[in-house]
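Participant: my_file-v5.txt is reproduced in full below (compact mmCIF, C-alpha atoms).
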```txt
# COMPACT_ATOMS: atom_id res chain seq x y z
CA MET R 268 75.07 -1.84 78.77
CA ILE R 269 75.89 -3.87 75.64
CA PHE R 270 73.06 -5.35 73.54
CA VAL R 271 73.49 -8.28 71.13
CA GLY R 272 70.70 -9.32 68.78
CA ILE R 273 70.08 -13.03 68.16
CA PRO R 274 67.78 -13.99 65.26
CA ALA R 275 65.23 -16.60 66.29
CA ASP R 276 64.01 -19.65 64.43
CA SER R 277 60.42 -19.61 63.21
CA ARG R 278 59.18 -23.02 64.34
CA MET R 279 55.94 -24.89 64.81
CA ILE R 280 55.54 -26.17 68.38
CA GLY R 281 52.31 -28.10 68.45
CA PRO R 282 49.72 -26.27 66.31
CA HIS R 283 51.18 -22.79 66.83
CA PRO R 284 54.16 -20.91 65.29
CA PHE R 285 56.82 -19.85 67.80
CA GLN R 286 60.02 -17.81 67.74
CA ALA R 287 62.75 -19.87 69.40
CA VAL R 288 66.46 -19.61 70.26
CA GLY R 289 68.41 -22.34 72.05
CA GLU R 290 69.22 -21.34 75.61
CA LYS R 291 72.88 -22.37 75.16
CA TYR R 292 73.30 -19.50 72.67
CA ILE R 293 71.68 -17.00 75.01
CA ARG R 294 73.88 -18.14 77.90
CA ALA R 295 77.02 -17.92 75.76
CA ILE R 296 76.33 -14.24 75.05
CA LEU R 297 75.60 -13.58 78.73
CA ASP R 298 78.45 -15.62 80.21
CA GLY R 299 81.02 -15.49 77.41
CA SER R 300 80.60 -12.03 75.93
CA GLY R 301 79.23 -10.16 78.94
CA ALA R 302 76.39 -8.72 76.85
CA GLN R 303 72.62 -8.59 77.11
CA PRO R 304 70.94 -10.84 74.51
CA LEU R 305 67.89 -9.55 72.65
CA LEU R 306 65.93 -11.98 70.49
CA ILE R 307 65.13 -10.85 66.96
CA PRO R 308 61.94 -12.42 65.60
CA SER R 309 62.21 -13.97 62.15
CA VAL R 310 58.95 -12.84 60.63
CA ALA R 311 57.74 -12.22 57.10
CA PRO R 312 57.23 -9.54 55.97
CA GLY R 313 60.44 -8.55 57.64
CA LEU R 314 61.32 -6.06 60.33
CA ASP R 315 62.93 -2.66 59.80
CA LEU R 316 66.42 -4.16 59.94
CA ASP R 317 68.26 -0.86 59.55
CA ALA R 318 66.46 0.69 62.52
CA LEU R 319 67.02 -2.49 64.52
CA LEU R 320 70.76 -2.60 63.86
CA ASP R 321 71.12 1.04 64.84
CA GLN R 322 70.07 0.01 68.36
CA LEU R 323 72.38 -3.01 68.62
CA ASP R 324 76.02 -3.37 69.60
CA GLY R 325 76.44 -6.82 68.08
CA LEU R 326 74.73 -9.56 66.06
CA PHE R 327 75.03 -13.25 66.96
CA LEU R 328 73.80 -15.80 64.41
CA PRO R 329 73.15 -19.14 66.15
CA GLY R 330 72.85 -22.68 64.92
CA SER R 331 69.53 -24.32 64.17
CA PRO R 332 67.97 -27.65 63.18
CA SER R 333 67.04 -26.05 59.84
CA ASN R 334 69.16 -25.37 56.75
CA ILE R 335 69.16 -22.48 54.28
CA GLU R 336 66.89 -23.11 51.31
CA PRO R 337 69.27 -23.99 48.45
CA HIS R 338 67.65 -21.60 45.98
CA HIS R 339 69.53 -18.84 47.83
CA TYR R 340 72.88 -20.18 46.59
CA SER R 341 72.33 -22.65 43.72
CA ASP R 342 69.83 -24.21 41.36
CA GLU R 343 70.00 -27.58 43.15
CA PRO R 344 66.75 -28.90 44.58
CA SER R 345 66.53 -29.49 48.30
CA TYR R 346 66.71 -33.11 49.41
CA GLU R 347 63.73 -34.92 50.94
CA GLY R 348 63.42 -34.31 54.66
CA ASN R 349 65.63 -31.21 54.67
CA LEU R 350 64.18 -28.84 57.28
CA HIS R 351 63.88 -25.20 56.17
CA ASP R 352 62.98 -21.88 57.77
CA PRO R 353 62.21 -19.30 55.05
CA SER R 354 61.49 -16.55 57.58
CA ARG R 355 64.91 -16.97 59.18
CA ASP R 356 66.53 -16.98 55.72
CA LEU R 357 64.76 -13.72 54.91
CA THR R 358 65.88 -12.16 58.19
CA THR R 359 69.51 -13.25 58.41
CA LEU R 360 70.52 -13.03 54.76
CA ASN R 361 69.39 -9.41 54.80
CA LEU R 362 70.79 -8.63 58.25
CA ILE R 363 74.36 -9.69 57.45
CA PRO R 364 75.23 -7.19 54.67
CA LYS R 365 73.45 -4.42 56.57
CA ALA R 366 75.42 -5.22 59.73
CA ILE R 367 78.67 -5.11 57.77
CA ALA R 368 77.75 -1.77 56.21
CA LYS R 369 77.00 -0.35 59.68
CA ARG R 370 80.12 -1.96 61.23
CA VAL R 371 78.03 -3.92 63.72
CA PRO R 372 80.19 -6.81 65.06
CA VAL R 373 78.98 -10.23 63.92
CA LEU R 374 79.67 -13.65 65.41
CA ALA R 375 78.11 -16.69 63.74
CA VAL R 376 77.91 -20.39 64.62
CA CYS R 377 76.96 -23.44 62.50
CA ARG R 378 73.86 -22.39 60.49
CA GLY R 379 74.96 -18.81 61.13
CA PHE R 380 78.35 -19.63 59.58
CA GLN R 381 76.59 -20.92 56.48
CA GLU R 382 74.34 -17.83 56.40
CA VAL R 383 77.40 -15.57 56.35
CA ASN R 384 78.93 -17.48 53.46
CA VAL R 385 75.70 -17.44 51.43
CA ALA R 386 74.98 -13.77 52.20
CA MET R 387 78.45 -12.97 50.81
CA GLY R 388 77.84 -14.85 47.55
CA GLY R 389 79.23 -18.25 48.53
CA THR R 390 77.70 -21.69 48.05
CA LEU R 391 77.20 -24.79 50.20
CA HIS R 392 77.44 -28.56 50.01
CA GLN R 393 74.03 -29.85 51.07
CA LYS R 394 75.52 -33.18 52.21
CA VAL R 395 79.20 -32.91 53.03
CA HIS R 396 79.47 -36.63 53.79
CA GLU R 397 78.46 -37.48 50.20
CA VAL R 398 81.21 -35.32 48.66
CA PRO R 399 84.17 -37.49 47.56
CA GLY R 400 87.08 -37.12 49.94
CA MET R 401 85.08 -35.41 52.68
CA MET R 402 84.51 -36.70 56.22
CA ASN R 403 81.18 -37.26 57.91
CA HIS R 404 80.89 -34.17 60.13
CA LYS R 405 77.50 -35.08 61.62
CA GLU R 406 76.82 -36.00 65.23
CA ASP R 407 75.41 -39.34 66.37
CA LEU R 408 71.91 -38.40 67.54
CA SER R 409 71.60 -41.66 69.48
CA GLN R 410 74.30 -40.51 71.91
CA PRO R 411 73.91 -38.24 74.97
CA LEU R 412 74.53 -34.51 74.37
CA ASP R 413 77.91 -34.58 76.11
CA VAL R 414 79.03 -37.19 73.59
CA GLN R 415 77.51 -35.35 70.61
CA TYR R 416 79.30 -32.14 71.62
CA ALA R 417 82.58 -33.80 72.57
CA PRO R 418 85.78 -32.94 70.64
CA ALA R 419 85.57 -34.68 67.26
CA HIS R 420 88.40 -33.62 64.95
CA ALA R 421 91.39 -31.31 64.65
CA LEU R 422 91.42 -27.96 62.87
CA ASP R 423 94.41 -26.23 61.29
CA LEU R 424 94.23 -22.52 62.05
CA ALA R 425 95.60 -19.82 59.74
CA PRO R 426 98.95 -18.91 61.38
CA ASP R 427 98.34 -15.17 61.05
CA GLY R 428 94.61 -15.34 61.88
CA TRP R 429 92.49 -14.29 64.81
CA LEU R 430 91.80 -17.84 66.00
CA ALA R 431 95.46 -18.84 66.14
CA ARG R 432 96.18 -15.74 68.23
CA TRP R 433 93.36 -16.53 70.68
CA ALA R 434 94.22 -20.23 70.84
CA GLY R 435 97.96 -19.65 71.18
CA ALA R 436 98.41 -22.48 68.67
CA THR R 437 97.83 -23.34 65.02
CA ARG R 438 95.95 -26.57 65.72
CA VAL R 439 92.93 -27.16 67.96
CA THR R 440 90.31 -29.86 68.38
CA VAL R 441 86.62 -28.98 68.09
CA ASN R 442 83.21 -30.64 68.12
CA SER R 443 81.40 -31.40 64.86
CA LEU R 444 77.61 -31.43 64.45
CA HIS R 445 76.79 -30.38 60.90
CA GLY R 446 75.72 -31.99 57.66
CA GLN R 447 76.28 -29.01 55.36
CA GLY R 448 79.38 -26.94 54.71
CA VAL R 449 81.15 -24.44 52.47
CA ASN R 450 81.51 -25.31 48.80
CA LYS R 451 82.59 -21.94 47.35
CA LEU R 452 83.83 -19.29 49.74
CA GLY R 453 81.91 -16.01 49.68
CA ASP R 454 83.34 -12.68 48.56
CA ASN R 455 85.62 -10.72 50.91
CA LEU R 456 85.90 -13.66 53.30
CA ILE R 457 89.14 -15.20 54.56
CA ALA R 458 89.48 -18.83 55.70
CA GLU R 459 90.52 -18.98 59.36
CA ALA R 460 90.40 -22.77 59.92
CA MET R 461 90.38 -25.98 57.91
CA ALA R 462 89.28 -29.50 58.82
CA PRO R 463 91.53 -32.48 57.93
CA ASP R 464 89.47 -33.10 54.77
CA GLY R 465 90.01 -29.51 53.57
CA LEU R 466 86.56 -28.22 54.53
CA ILE R 467 86.63 -24.56 55.59
CA GLU R 468 85.39 -24.40 59.20
CA ALA R 469 85.95 -20.74 60.13
CA ILE R 470 85.88 -17.50 58.18
CA ARG R 471 86.28 -13.81 58.87
CA LEU R 472 85.64 -10.65 56.92
CA ASP R 473 88.63 -9.23 55.07
CA SER R 474 88.42 -5.90 56.90
CA GLU R 475 90.57 -4.01 59.37
CA ASP R 476 87.73 -2.13 61.04
CA THR R 477 84.77 -4.57 61.08
CA PHE R 478 84.49 -7.65 63.32
CA LEU R 479 82.88 -10.59 61.55
CA LEU R 480 83.83 -14.11 62.54
CA ALA R 481 81.90 -17.28 61.68
CA VAL R 482 82.68 -20.82 62.81
CA GLN R 483 81.16 -24.12 61.72
CA TRP R 484 81.50 -25.85 65.10
CA HIS R 485 79.74 -25.06 68.41
CA PRO R 486 81.90 -22.99 70.77
CA GLU R 487 78.80 -21.95 72.70
CA TRP R 488 78.60 -25.42 74.26
CA LYS R 489 79.72 -25.07 77.91
CA VAL R 490 81.60 -21.97 76.82
CA THR R 491 83.02 -21.11 80.24
CA GLU R 492 84.66 -24.56 80.49
CA ASN R 493 86.61 -24.29 77.23
CA PRO R 494 89.36 -21.61 77.22
CA PHE R 495 89.51 -21.37 73.41
CA SER R 496 85.73 -21.04 73.05
CA LEU R 497 85.67 -18.46 75.81
CA GLU R 498 88.32 -16.38 74.03
CA ILE R 499 86.11 -16.29 70.92
CA PHE R 500 83.13 -14.95 72.86
CA LYS R 501 85.29 -12.55 74.86
CA ALA R 502 86.74 -11.09 71.66
CA PHE R 503 83.23 -10.66 70.27
CA GLY R 504 82.18 -9.00 73.53
CA ALA R 505 85.11 -6.58 73.29
CA ALA R 506 84.14 -5.66 69.72
CA CYS R 507 80.54 -5.09 70.86
CA LYS R 508 81.74 -2.90 73.73
CA ALA R 509 83.74 -0.77 71.29
CA ARG R 510 80.65 -0.46 69.08
CA ALA R 511 78.57 0.60 72.11
CA GLU R 512 81.10 3.30 72.96
CA ARG R 513 80.99 4.62 69.38
CA ARG R 514 77.19 4.46 69.37
CA HIS R 515 76.84 6.56 72.53
CA ARG R 516 79.32 9.29 71.66
```
Written as structure tokens, that's how I'd like the structure from this file.

Facilitator:
Amino acid sequence: MIFVGIPADSRMIGPHPFQAVGEKYIRAILDGSGAQPLLIPSVAPGLDLDALLDQLDGLFLPGSPSNIEPHHYSDEPSYEGNLHDPSRDLTTLNLIPKAIAKRVPVLAVCRGFQEVNVAMGGTLHQKVHEVPGMMNHKEDLSQPLDVQYAPAHALDLAPDGWLARWAGATRVTVNSLHGQGVNKLGDNLIAEAMAPDGLIEAIRLDSEDTFLLAVQWHPEWKVTENPFSLEIFKAFGAACKARAERRHR
């Protein structure tokens, strides 16, 4: 059996704090990667992350309504109304380098993509749509979910990259539901996909023996209905299976 850890959001629901993960992310690991999802609580003080990773075959970093606190990557203040989750920051920004060191496969989506970049020393635009020359990558919250998650813009894929191989093409169309994005790319990361405005939308670790892929869009949405998205989760599942085989030798 293959086990994939998914860090949870620390969120207030009514008067009580809860640990929460969107069901679409859980289903994508089950249906797309063929793995068993295990939720990792984001609590402070933190868990024993090394011991936790030793029991996992993969790490999946999902999206979230919250954004990374900017003090982790710059001296800019956060803007008014920006939702934060310090406990998740503490958990994921420490999990990522440890997972790389232990060769635990990592797949990251949206906020998870940004966490990978920041954990590797990169920086973010807090409001992409206010950067000169950049598009508005946010969804229209007044629309139904199927409209919000519908294909929104093209991506140019690195011709020699993983995504181009899985897509069988160097251009795809993806959804777009994010307000923040990469400013400076983190260390030892390679750009896998670019939006029409030049924004980096997918990255991987520059390594031959460690699976780490992060994407800014949402391939988990109806993953079994989108062949390209399914290939991403299947590749992650294969890397997790290889890790499980190594772990049980």

Participant: Taking only C-alpha atoms into account, which of R:Ala502, R:Arg438, R:Asp464, R:Phe270 comes nearest Pro399 (chain R)?

Facilitator: R:Asp464

Participant: Near Thr491 (chain R), counting only C-alpha atoms, which residues have an atom at most 12 Å away, once you skip same-chain residues fewer than 4 positions from it, shown as a list in words?

Facilitator: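 Final neighbour list, sorted by chain and number: Lys291, Arg294, Ala295, Ile296, Leu297, Asp298, Gly299, Ser300, Gly301, Pro486, Glu487, Phe495, Ser496, Leu497, Glu498, Ile499, Phe500 and Lys501 of chain R.
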
Participant: Near Leu314 (chain R), within 12 Å and counting all atoms listed in the file, which residues show up once chain neighbours fewer than 2 positions away are dropped, as JSON, numbers by chain?

Facilitator: {"R": [274, 307, 308, 309, 310, 311, 312, 316, 317, 318, 319, 320, 354, 355, 357, 358, 359, 361, 362]}

Participant: Counting all atoms listed in the file, which of R:Leu472, R:Val490, R:Val398, R:Met268 gets nearest to Leu374 (chain R)?

Facilitator: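 Closest residue, counting all atoms listed in the file: R:Leu472.
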
Participant: Which residues come within 6 Å of Met461 (chain R), counting all atoms listed in the file, excluding same-chain residues fewer than 2 positions away, as number ranges by chain?

Facilitator: R: 422-423, 465-468

Participant: Looking at all atoms listed in the file, which of R:Pro463, R:Leu456, R:Lys451, R:Arg370 is the one that sits closest to His404 (chain R)?

Facilitator: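 Nearest candidate to His404 (chain R) out of R:Pro463, R:Leu456, R:Lys451, R:Arg370: R:Pro463.
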
Participant: Hey, which of R:Val385, R:Ala366, R:Ala458, R:Val376 ends up closest to Glu336 (chain R)? Count all atoms listed in the file.

Facilitator: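 When distances to Glu336 (chain R) are compared using all atoms listed in the file, the smallest one comes from R:Val385.
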
Participant: When distances are computed from all atoms listed in the file, which of R:Gln286, R:Gln415, R:Ser341, R:Gln381 shows the smallest separation from Leu328 (chain R)?

Facilitator: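 Counting all atoms listed in the file, the residue closest to Leu328 (chain R) is R:Gln381.
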